[in-house]
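Participant: You'll find upload.csv just under this line, and it carries CSV, C-alpha atoms.
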chain,number,residue,atom,x,y,z
A,1420,MET,CA,0.0,0.0,0.0
A,1421,LEU,CA,2.9,2.4,0.8
A,1422,HIS,CA,4.2,1.8,-2.7
A,1423,LYS,CA,0.8,2.8,-4.2
A,1424,LEU,CA,0.6,5.9,-2.1
A,1425,TYR,CA,4.2,6.9,-3.0
A,1426,GLY,CA,3.5,6.4,-6.7
A,1427,PHE,CA,0.2,8.3,-6.5
A,1428,TYR,CA,1.6,11.4,-4.7
A,1429,PHE,CA,5.2,11.6,-5.9
A,1430,LEU,CA,5.4,10.0,-9.4
A,1431,SER,CA,3.9,11.3,-12.6
A,1432,SER,CA,2.7,9.2,-15.6
A,1433,ASN,CA,2.9,10.4,-19.1
A,1434,ALA,CA,-0.2,10.3,-21.3
A,1435,GLU,CA,-0.9,10.8,-25.0
A,1436,PHE,CA,-4.3,11.1,-26.7
A,1437,SER,CA,-4.7,11.2,-30.5
A,1438,SER,CA,-7.3,13.4,-32.0
A,1439,LYS,CA,-9.3,13.0,-35.2
A,1440,PHE,CA,-9.7,16.8,-35.4
A,1441,GLN,CA,-7.6,19.8,-36.1
A,1442,LEU,CA,-6.4,22.0,-33.2
A,1443,GLU,CA,-9.3,24.4,-33.0
A,1444,GLU,CA,-11.9,21.7,-33.4
A,1445,SER,CA,-10.1,19.5,-30.8
A,1446,VAL,CA,-10.0,22.3,-28.2
A,1447,LYS,CA,-13.7,23.1,-28.9
A,1448,LYS,CA,-14.8,19.4,-28.5
A,1449,LEU,CA,-12.7,18.9,-25.4
A,1450,LYS,CA,-14.1,22.0,-23.7
A,1451,GLN,CA,-17.6,21.0,-24.6
A,1452,LYS,CA,-17.2,17.4,-23.3
A,1453,ILE,CA,-15.5,18.6,-20.0
A,1454,GLU,CA,-18.0,21.3,-19.3
A,1455,ASN,CA,-21.0,19.1,-20.0
A,1456,GLU,CA,-19.9,16.3,-17.7
A,1457,LYS,CA,-21.8,16.2,-14.5
A,1458,ARG,CA,-21.6,14.0,-11.4
A,1459,THR,CA,-24.0,11.1,-11.3
A,1460,ASN,CA,-27.3,12.2,-9.8
A,1461,SER,CA,-26.0,15.7,-9.3
A,1462,SER,CA,-25.7,19.1,-10.9
A,1463,TYR,CA,-22.1,19.4,-9.7
A,1464,PRO,CA,-19.5,19.5,-12.5
A,1465,ARG,CA,-17.4,16.3,-12.8
A,1466,PHE,CA,-14.2,18.2,-13.8
A,1467,SER,CA,-12.6,21.6,-13.5
A,1468,SER,CA,-10.5,22.7,-16.4
A,1469,ASP,CA,-8.4,25.3,-18.2
A,1470,ILE,CA,-8.4,24.4,-21.9
A,1471,SER,CA,-6.8,26.4,-24.7
A,1472,GLY,CA,-4.8,25.7,-27.8
A,1473,THR,CA,-1.5,26.1,-25.8
A,1474,LYS,CA,-2.3,24.6,-22.4
A,1475,VAL,CA,-4.7,22.0,-21.1
A,1476,VAL,CA,-5.3,21.4,-17.3
A,1477,ILE,CA,-8.0,19.0,-16.2
A,1478,GLU,CA,-8.8,17.7,-12.8
A,1479,SER,CA,-11.7,16.1,-11.0
A,1480,SER,CA,-13.8,18.2,-8.8
A,1481,ASN,CA,-14.5,16.0,-5.8
A,1482,ILE,CA,-17.6,17.7,-4.6
A,1483,PRO,CA,-18.8,17.5,-1.8
A,1484,PHE,CA,-15.5,15.9,-0.6
A,1485,TRP,CA,-13.1,18.7,-1.3
A,1486,THR,CA,-9.5,17.7,-1.6
A,1487,ASN,CA,-6.8,19.2,-3.7
A,1488,MET,CA,-4.7,16.0,-3.2
A,1489,LYS,CA,-5.9,14.6,-6.5
A,1490,PRO,CA,-4.1,14.0,-9.8
A,1491,GLN,CA,-4.5,16.5,-12.6
A,1492,PHE,CA,-3.7,16.2,-16.2
A,1493,THR,CA,-1.4,18.9,-17.6
A,1494,GLY,CA,-0.6,19.0,-21.2
A,1495,LYS,CA,-0.7,20.7,-24.6
A,1496,PHE,CA,-1.7,19.9,-28.2
A,1497,ALA,CA,1.1,18.9,-30.5
A,1498,LEU,CA,1.5,17.7,-34.1
A,1499,LYS,CA,3.2,14.4,-34.7
A,1500,ASN,CA,3.5,13.0,-38.2
A,1501,GLY,CA,0.7,15.2,-39.4
A,1502,ALA,CA,-1.7,14.1,-36.7
A,1503,ASN,CA,-3.0,16.1,-33.7
A,1504,PHE,CA,-2.2,14.7,-30.3
A,1505,LEU,CA,-2.8,15.9,-26.7
A,1506,VAL,CA,0.4,15.2,-24.9
A,1507,GLY,CA,0.9,15.6,-21.1
A,1508,ARG,CA,1.1,13.9,-17.8
A,1509,PHE,CA,-0.9,13.0,-14.7
A,1510,CYS,CA,0.6,14.2,-11.4
A,1511,VAL,CA,-0.3,15.8,-8.1
A,1512,PRO,CA,0.6,19.5,-7.8
A,1513,THR,CA,4.0,20.4,-6.4
A,1514,SER,CA,2.5,22.3,-3.5
A,1515,ILE,CA,0.7,19.1,-2.4
A,1516,ARG,CA,3.9,17.1,-2.7
A,1517,LEU,CA,5.6,19.6,-0.5
A,1518,LEU,CA,2.8,19.5,2.1
A,1519,ILE,CA,2.8,15.7,2.2
A,1520,SER,CA,6.6,15.6,2.6
A,1521,ILE,CA,6.4,18.0,5.5
A,1522,LEU,CA,3.6,15.9,7.1
A,1523,LEU,CA,5.6,12.7,6.7
A,1524,VAL,CA,8.8,14.1,8.0
A,1525,ALA,CA,7.0,15.5,11.0
A,1526,SER,CA,5.4,12.1,11.6
A,1527,PHE,CA,8.6,10.2,11.4
A,1528,TYR,CA,10.5,12.8,13.6
A,1529,LEU,CA,7.8,12.9,16.2
A,1530,THR,CA,7.5,9.1,16.3
A,1531,ALA,CA,11.3,8.7,16.7
A,1532,ILE,CA,11.5,11.3,19.5
A,1533,GLU,CA,8.6,9.9,21.4
A,1534,ILE,CA,9.8,6.3,21.1
A,1535,PHE,CA,13.2,7.4,22.3
A,1536,ARG,CA,11.7,9.2,25.3
A,1537,TYR,CA,9.4,6.2,26.0
A,1538,LEU,CA,12.4,3.8,26.0
A,1539,THR,CA,14.8,6.0,28.0
A,1540,ILE,CA,12.6,7.6,30.7
A,1541,PRO,CA,11.1,5.1,33.2
A,1542,ASN,CA,7.4,5.1,34.0
A,1543,LEU,CA,6.6,7.5,31.0
A,1544,LYS,CA,3.3,6.9,29.2
A,1545,PHE,CA,3.2,7.2,25.4
A,1546,PRO,CA,1.3,10.5,24.7
A,1547,THR,CA,-2.1,10.0,23.2
A,1548,GLU,CA,-1.7,13.3,21.3
A,1549,THR,CA,1.1,11.9,19.3
A,1550,LEU,CA,-0.9,8.8,18.4
A,1551,LEU,CA,-3.8,11.0,17.5
A,1552,PHE,CA,-1.6,13.2,15.2
A,1553,LEU,CA,-0.1,10.2,13.5
A,1554,GLY,CA,-3.5,8.5,13.0
A,1555,VAL,CA,-5.1,11.7,11.6
A,1556,ASN,CA,-2.2,12.3,9.4
A,1557,HIS,CA,-2.2,8.8,7.9
A,1558,PHE,CA,-6.0,8.7,7.6
A,1559,PHE,CA,-6.0,12.0,5.7
A,1560,LEU,CA,-3.4,10.8,3.2
A,1561,PHE,CA,-5.1,7.4,2.7
A,1562,TRP,CA,-8.6,9.0,2.5
A,1563,SER,CA,-7.4,11.5,-0.2
A,1564,TYR,CA,-5.9,8.6,-2.1
A,1565,LEU,CA,-9.1,6.6,-2.0
A,1566,VAL,CA,-11.3,9.5,-3.0
A,1567,SER,CA,-9.0,10.3,-6.0
A,1568,GLU,CA,-8.0,6.7,-7.0
A,1569,SER,CA,-10.2,6.5,-10.1
A,1570,ASP,CA,-9.6,10.1,-11.3
A,1571,VAL,CA,-6.9,9.2,-13.8
A,1572,SER,CA,-9.0,6.7,-15.6
A,1573,ASP,CA,-12.1,9.0,-15.6
A,1574,ILE,CA,-10.1,11.9,-17.0
A,1575,SER,CA,-8.4,9.7,-19.6
A,1576,GLU,CA,-11.7,8.2,-20.7
A,1577,THR,CA,-13.4,11.6,-21.0
A,1578,ILE,CA,-10.5,13.0,-23.1
A,1579,ARG,CA,-10.3,10.0,-25.3
A,1580,SER,CA,-14.1,10.1,-26.0
A,1581,ALA,CA,-14.0,13.8,-26.7
A,1582,LEU,CA,-11.1,13.6,-29.2
A,1583,GLN,CA,-12.4,10.5,-31.0
A,1584,ASP,CA,-16.1,11.5,-31.1
A,1585,ASN,CA,-17.8,11.3,-34.5
Just give me the structure as structure tokens.

Facilitator:
Amino acid sequence: MLHKLYGFYFLSSNAEFSSKFQLEESVKKLKQKIENEKRTNSSYPRFSSDISGTKVVIESSNIPFWTNMKPQFTGKFALKNGANFLVGRFCVPTSIRLLISILLVASFYLTAIEIFRYLTIPNLKFPTETLLFLGVNHFFLFWSYLVSESDVSDISETIRSALQDN
């Protein structure tokens, strides 16, 4: 599980989507598809996006469970061998990576200090505040991962269907 969490938060995966359309038509179709997608049984948008001919950023809007710890697709349209492609990658924003790194370092540091104190000072109880902090920290990271786990496949499928639509 730790390997999955590390891969989700700290690694990025490249993605490439071919388009049947020219640049302007591809941008128009992708914008339409993303804007018209709604959550199941809801009026909330399924994705938030910034789509233009030079830059494409798409991420899931996890309403009502707000979390910015979700992957986003960042890319641009490019011509390859005369065909139009949307080329980019899925990753978690750098600010979130920094926040997670700080939380994990604080967790490991706090755990090491408290275990050292517990082992060296006789009759010392392990503080419940430390356990609470560690539990909440790890629950938050794991919960964010579970909420966002299927976002990459959802975004990929939506992009693919928009760019290959008849």

Participant: Taking all atoms listed in the file into account, name the residue in A:Lys1447, A:Phe1496, A:Asn1433, A:Ile1519 that is nearest to Phe1561 (chain A).

Facilitator: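 Of A:Lys1447, A:Phe1496, A:Asn1433, A:Ile1519, the one nearest Phe1561 (chain A), counting all atoms listed in the file, is A:Ile1519.
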
Participant: Go ahead and find all residues with at least one atom no further than 12 Å from (0.4, 6.0, -7.3) in the file's coordinates, using only C-alpha atoms; report them as a list of chain:residue names.

Facilitator: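 So the residues meeting the distance criterion are A:Met1420, A:Leu1421, A:His1422, A:Lys1423, A:Leu1424, A:Tyr1425, A:Gly1426, A:Phe1427, A:Tyr1428, A:Phe1429, A:Leu1430, A:Ser1431, A:Ser1432, A:Met1488, A:Lys1489, A:Pro1490, A:Phe1509, A:Cys1510, A:Val1511, A:Phe1561, A:Ser1563, A:Tyr1564, A:Leu1565, A:Ser1567, A:Glu1568, A:Ser1569, A:Asp1570, A:Val1571.
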
Participant: Grab the residues selected above and save them as a PDB file, in the coordinates of the input with C-alpha atoms.

Facilitator:
ATOM      1  CA  MET A1420       0.000   0.000   0.000  1.00  0.00           C
ATOM      2  CA  LEU A1421       2.900   2.400   0.800  1.00  0.00           C
ATOM      3  CA  HIS A1422       4.200   1.800  -2.700  1.00  0.00           C
ATOM      4  CA  LYS A1423       0.800   2.800  -4.200  1.00  0.00           C
ATOM      5  CA  LEU A1424       0.600   5.900  -2.100  1.00  0.00           C
ATOM      6  CA  TYR A1425       4.200   6.900  -3.000  1.00  0.00           C
ATOM      7  CA  GLY A1426       3.500   6.400  -6.700  1.00  0.00           C
ATOM      8  CA  PHE A1427       0.200   8.300  -6.500  1.00  0.00           C
ATOM      9  CA  TYR A1428       1.600  11.400  -4.700  1.00  0.00           C
ATOM     10  CA  PHE A1429       5.200  11.600  -5.900  1.00  0.00           C
ATOM     11  CA  LEU A1430       5.400  10.000  -9.400  1.00  0.00           C
ATOM     12  CA  SER A1431       3.900  11.300 -12.600  1.00  0.00           C
ATOM     13  CA  SER A1432       2.700   9.200 -15.600  1.00  0.00           C
ATOM     14  CA  MET A1488      -4.700  16.000  -3.200  1.00  0.00           C
ATOM     15  CA  LYS A1489      -5.900  14.600  -6.500  1.00  0.00           C
ATOM     16  CA  PRO A1490      -4.100  14.000  -9.800  1.00  0.00           C
ATOM     17  CA  PHE A1509      -0.900  13.000 -14.700  1.00  0.00           C
ATOM     18  CA  CYS A1510       0.600  14.200 -11.400  1.00  0.00           C
ATOM     19  CA  VAL A1511      -0.300  15.800  -8.100  1.00  0.00           C
ATOM     20  CA  PHE A1561      -5.100   7.400   2.700  1.00  0.00           C
ATOM     21  CA  SER A1563      -7.400  11.500  -0.200  1.00  0.00           C
ATOM     22  CA  TYR A1564      -5.900   8.600  -2.100  1.00  0.00           C
ATOM     23  CA  LEU A1565      -9.100   6.600  -2.000  1.00  0.00           C
ATOM     24  CA  SER A1567      -9.000  10.300  -6.000  1.00  0.00           C
ATOM     25  CA  GLU A1568      -8.000   6.700  -7.000  1.00  0.00           C
ATOM     26  CA  SER A1569     -10.200   6.500 -10.100  1.00  0.00           C
ATOM     27  CA  ASP A1570      -9.600  10.100 -11.300  1.00  0.00           C
ATOM     28  CA  VAL A1571      -6.900   9.200 -13.800  1.00  0.00           C
TER      29      VAL A1571
END

Participant: Using all atoms listed in the file for the distances, tell me which of A:Asn1503, A:Ser1580, A:Ile1574, A:Phe1436 is nearest to Ser1468 (chain A).

Facilitator: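 Of all the options, A:Ile1574 lies closest to Ser1468 (chain A).
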
Participant: Take CA of Gly1507 (chain A) and CA of Phe1492 (chain A) and report the distance between them in Å, one decimal.

Facilitator: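 According to the coordinates, CA of Gly1507 (chain A) and CA of Phe1492 (chain A) are separated by 6.7 Å.
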
Participant: Out of A:Gln1451, A:Ser1479, A:Ser1526, A:Gln1441, which residue has the shortest atom-to-atom distance to Ala1497 (chain A) when counting only C-alpha atoms?

Facilitator: A:Gln1441

Participant: With distances taken over all atoms listed in the file, which of A:Thr1549, A:Ser1471, A:Thr1577, A:Asn1500 is nearest to Ile1534 (chain A)?

Facilitator: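 Among the listed residues, A:Thr1549 lies closest to Ile1534 (chain A).
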
Participant: Would you work out the distance separating CA of Ser1445 (chain A) from CA of Thr1513 (chain A), expressed in Å to one decimal?

Facilitator: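 These two atoms are separated by 28.2 Å.
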
Participant: So how far away is CA of Phe1558 (chain A) from CA of Leu1529 (chain A), in Å?

Facilitator: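 Pair CA of Leu1529 (chain A) / CA of Phe1558 (chain A) returns 16.8 Å.
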
Participant: Of the candidates A:Leu1560, A:Glu1443, A:Thr1493, A:Val1555, which shows the shortest atom-to-atom distance to Ile1515 (chain A), using all atoms listed in the file?

Facilitator: A:Leu1560

Participant: Taking all atoms listed in the file into account, name the residue in A:Val1476, A:Trp1562, A:Leu1550, A:Ser1467 that is nearest to Asn1455 (chain A).

Facilitator: A:Ser1467

Participant: Do you know which residues lie at most 10 Å from (-13.8, 12.0, -30.9), with coordinates as in the file and only C-alpha atoms counted, and could you write them as number ranges by chain?

Facilitator: A: 1437-1440, 1445, 1448-1449, 1452, 1577-1585

Participant: Those same residues - C-alpha atoms - I'd like them written as a short mmCIF file (atom, residue, chain, number, x, y, z; two decimals), in the coordinates of the input.

Facilitator:
data_model
loop_
_atom_site.label_atom_id
_atom_site.label_comp_id
_atom_site.auth_asym_id
_atom_site.auth_seq_id
_atom_site.Cartn_x
_atom_site.Cartn_y
_atom_site.Cartn_z
CA SER A 1437 -4.70 11.20 -30.50
CA SER A 1438 -7.30 13.40 -32.00
CA LYS A 1439 -9.30 13.00 -35.20
CA PHE A 1440 -9.70 16.80 -35.40
CA SER A 1445 -10.10 19.50 -30.80
CA LYS A 1448 -14.80 19.40 -28.50
CA LEU A 1449 -12.70 18.90 -25.40
CA LYS A 1452 -17.20 17.40 -23.30
CA THR A 1577 -13.40 11.60 -21.00
CA ILE A 1578 -10.50 13.00 -23.10
CA ARG A 1579 -10.30 10.00 -25.30
CA SER A 1580 -14.10 10.10 -26.00
CA ALA A 1581 -14.00 13.80 -26.70
CA LEU A 1582 -11.10 13.60 -29.20
CA GLN A 1583 -12.40 10.50 -31.00
CA ASP A 1584 -16.10 11.50 -31.10
CA ASN A 1585 -17.80 11.30 -34.50
#
